[in-house]
Amino acid sequence: MAAPSSKTCGAMERYIQERVPPLLTDLYQFTMAYAYWRAGRHQELAVFELFFRDNPFGGGFSLFAGLHDCQLFLRGFRFTDEDVEFLRSALPPATDPAFFQFLRGLDCSGVTLRAVPEGTVVFARVPLMEVAGPMAVVQLLETSLLCLVNYASLVCSNAARFRLAAGTGRKLLEMGLRRAQGPDGGLTASRYTHIGGFDLTSNVQAGFLFGIPVAGTMAHSYVTSFTSLEEVWPQTLLTVKGDPDPVDFISLTKGWLSRVCELLGAEPGKIREDELAAFLSYAIAYPQNFLPVIDSYSVGCGLLNFCAVALALCELGYRPVGVRLDSGDLCRQSVDVRRVFRLCSKHFSIPTFDSLIIVGTNNISEQSMAELNKKENEIDVVGVGTHLVTCTKQPSLGCVYKLVEVRGRPRMKISEDPEKSTVPGRKSVYRLVDAEGHPFLDLVCLAVESPPEAGVPLSCYPLRCDNSTVSVTPAQVTCLYQEVFAKGQVTHPLCSAAETRAKVQGSLQTLHPRHKRLQEPDSYTVALSEKLHNLVTEIRRGSSNDSNFLLAN
């Protein structure tokens with residue numbers, strides 16, 4: 001797949017700058033930056049890490065997403081005159097006016113970003129990004145980077161779980177725009193659910209911006225807006241071959257309706273004319289894209305009307321697409337609908353009816369998606385909205401951005417809550433892979449350490465294991481970090497949504513099934529190297545001694 005064109009990248013960069021200007025941050029970032037500047041510390045080299053503490057949705061993994069936008073955000077990071085004037089009014093009056101001149105000239109030319117590749121399977125406590133640069137600048141970046149990564153990674157992970165629940169045999173349609181948390185939430189959801197494994201979106205703007213295939217059917221409102229066949233206009237349709245004489249499509253459909261009713265033992269007098277009028281009107285407008293919702297009144301009646309219109313289209317050389325089911329027992333209904341399609345195909349010798357698709361949409365959740373695989377059904381495409389884009393099971397990933405080094409010296413947050421303590425120092429992250437090609441451990445080391453080697457045993461300290469060590473021998477070792485931004489420029493090629501989507505699928509395929517289970521997965525091991533563990537222990541001991549000294553004096 002080709003990398004994004006310069007035209008696409010330019011449009012994306014403008015999109016990021018409009019969505020995430022430098023002022024889209026918390027006020028305290030500016031007050032801290034000012035305090036650093038006032039103390040003369042604003043140019044000190046500082047290193048922050050971005051990570052999350054627990055895998056989302058009670059699962060065994062997450063997906064890292066949002067890096068592409070972070071790179072573009074850093075490249076375009078600058079304050080305008082209007083930004084600075086607003087900050088003059090927002091910050092306390094005692095703020096030195098020279099600070100605003102400092103902000104006006106600020107950019108990310110001194111910032112370096114190392115990160116795990118976007119679309120990679122990741123795990124709790126593993127640093128996803130390392131942001132290094134002048135203290136004031138990297139402090140100001142915190143909220144924006146968290147905003148770009150948190151939801152993108154969460155909804156991408158949610159989509160991957162839906163894909164695992166659905167299996168590979170059916171297509172998934174994201175249709176959550178109307179239920180999303182605002183326009184930006186809707187666009188972000190469409191983009192990253194596609195990357196996470198969804199095939200299609202109903203979001204036209206997402207298709208325009210990100211190249212995601214768009215799809216849609218019709219709403220119940222369209223069906224219920226019709227009352228009689230008199231509202232169908234035009235009432236004729238040309239054949240696919242373009243014969244000069246248009247065909248009376250209503251009469252042709254009525255003839256097919258009688259034959260379908262006879263085949264299925266249905267009473268023609270119970271057919272809803274209003275629904276038939278809606279189907280006819282839509283089919284005349286889009287004879288090659290006919291896929292109506294058939295349960296506005298009843299599935300049985302809607303199915304009869306669909307078959308009649310679809311058979312008329314087939315007679316004229318068109319290929320109807322299928323139907324959508326939006327209520328009731330989707331599995332049972334899909335089986336009944338497929339039986340009728342096959343019966344029509346055989347009885348009327350219309351092979352197109354063998355390839356009609358059935359779309360199921362009805363407040364689909366991860367649980368109901370998984371249940372589809374346990375029941376007999378004939379659903380080809382599942383549309384998911386609310387539970388996908390709002391991440392109903394868990395509304396936030398909880399990424400944090402923590403200081404780990406200043407002026408080359410490791411820094412550590414030591415909390416009474418062990419879960420909130422951080423791991424100090426600048427790091428590298430290595431993924432250890434077994435002989436079968438499955439990752440089994442992520443090793444977090446100090447950046448100055450030599451990397452682990454394939455076939456060489458090593459000892460390490462798994463997190464949350466009370467200082468116990470394990471000895472492992474990897475068959476393969478992969479360094480997860482890449483430098484992706486430095487000296488004001490993107491240093492690693494930006495990937496398209498399609499390329500990142502492929503990365504996700506490849507990364508998930510290597511993960512052992514026990515870590516991908518949707519319910520009660522096995523925990524994946526994240527461990528510290530011996531040197532890093534020793535550093536943590538040393539800093540904790542020193543902090544305790546410092547506390548005792550202060551209390552004694």
# chains A, B, ... in the order shown; residues from 1 in each chain; ligands from 1

$ residues_around --residues "range 423-428 of chain A" --least-positions-apart "3" --cutoff "6 Å" --atoms "only C-alpha atoms" --output "ChimeraX atom specification"
/A:404-405,410-412,445-447

$ select_by_dssp --residues "range 327-498 of chain A" --states "strand (DSSP E)" --output "PyMOL selection string"
chain A and resi 357-360+381-384+400-406+409-410+427-433+439-446+458-462+470-472+476-479+482-486+489-490

$ residues_around --residues "Ala160 in chain A" --least-positions-apart "5" --cutoff "8 Å" --atoms "only C-alpha atoms" --output "VMD selection string"
chain A and resid 193 196 to 197

$ write_last_selection --atoms "C-alpha atoms" --output "PDB file, in the first residue's frame"
ATOM      1  CA  THR A 193     -12.407   1.534  14.492  1.00  0.00           C
ATOM      2  CA  GLY A 196      -8.914  -1.737  14.697  1.00  0.00           C
ATOM      3  CA  GLY A 197     -10.637  -4.104  12.265  1.00  0.00           C
TER       4      GLY A 197
END

$ closest_atom_pairs --of "range 307-326 of chain A" --to "range 276-283 of chain A" --cutoff "9 Å" --atoms "only C-alpha atoms" --output "tab-separated table"
residue	atom	partner	partner_atom	distance
A:Ala308	CA	A:Leu276	CA	9.0
A:Val309	CA	A:Leu280	CA	6.5
A:Ala310	CA	A:Ala283	CA	8.3
A:Leu313	CA	A:Ala283	CA	7.9
A:Pro320	CA	A:Ala283	CA	8.5

$ write_last_selection --atoms "N, CA and C atoms" --output "PDB file, in the first residue's frame"
ATOM      1  N   ALA A 308     -40.107  -9.144  -4.434  1.00  0.00           N
ATOM      2  CA  ALA A 308     -40.791  -8.733  -5.657  1.00  0.00           C
ATOM      3  C   ALA A 308     -39.999  -7.662  -6.396  1.00  0.00           C
ATOM      4  N   VAL A 309     -39.547  -6.637  -5.675  1.00  0.00           N
ATOM      5  CA  VAL A 309     -38.789  -5.561  -6.304  1.00  0.00           C
ATOM      6  C   VAL A 309     -37.439  -6.082  -6.803  1.00  0.00           C
ATOM      7  N   ALA A 310     -36.774  -6.913  -6.007  1.00  0.00           N
ATOM      8  CA  ALA A 310     -35.467  -7.441  -6.389  1.00  0.00           C
ATOM      9  C   ALA A 310     -35.561  -8.340  -7.623  1.00  0.00           C
ATOM     10  N   LEU A 313     -35.915  -6.163 -10.615  1.00  0.00           N
ATOM     11  CA  LEU A 313     -34.613  -5.599 -10.973  1.00  0.00           C
ATOM     12  C   LEU A 313     -33.765  -6.625 -11.719  1.00  0.00           C
ATOM     13  N   PRO A 320     -29.611  -6.541  -7.317  1.00  0.00           N
ATOM     14  CA  PRO A 320     -29.914  -6.013  -5.981  1.00  0.00           C
ATOM     15  C   PRO A 320     -28.853  -6.481  -4.986  1.00  0.00           C
TER      16      PRO A 320
END

$ atom_distance --atom1 "CA of Val359 in chain A" --atom2 "CA of Gly383 in chain A"
7.1 Å
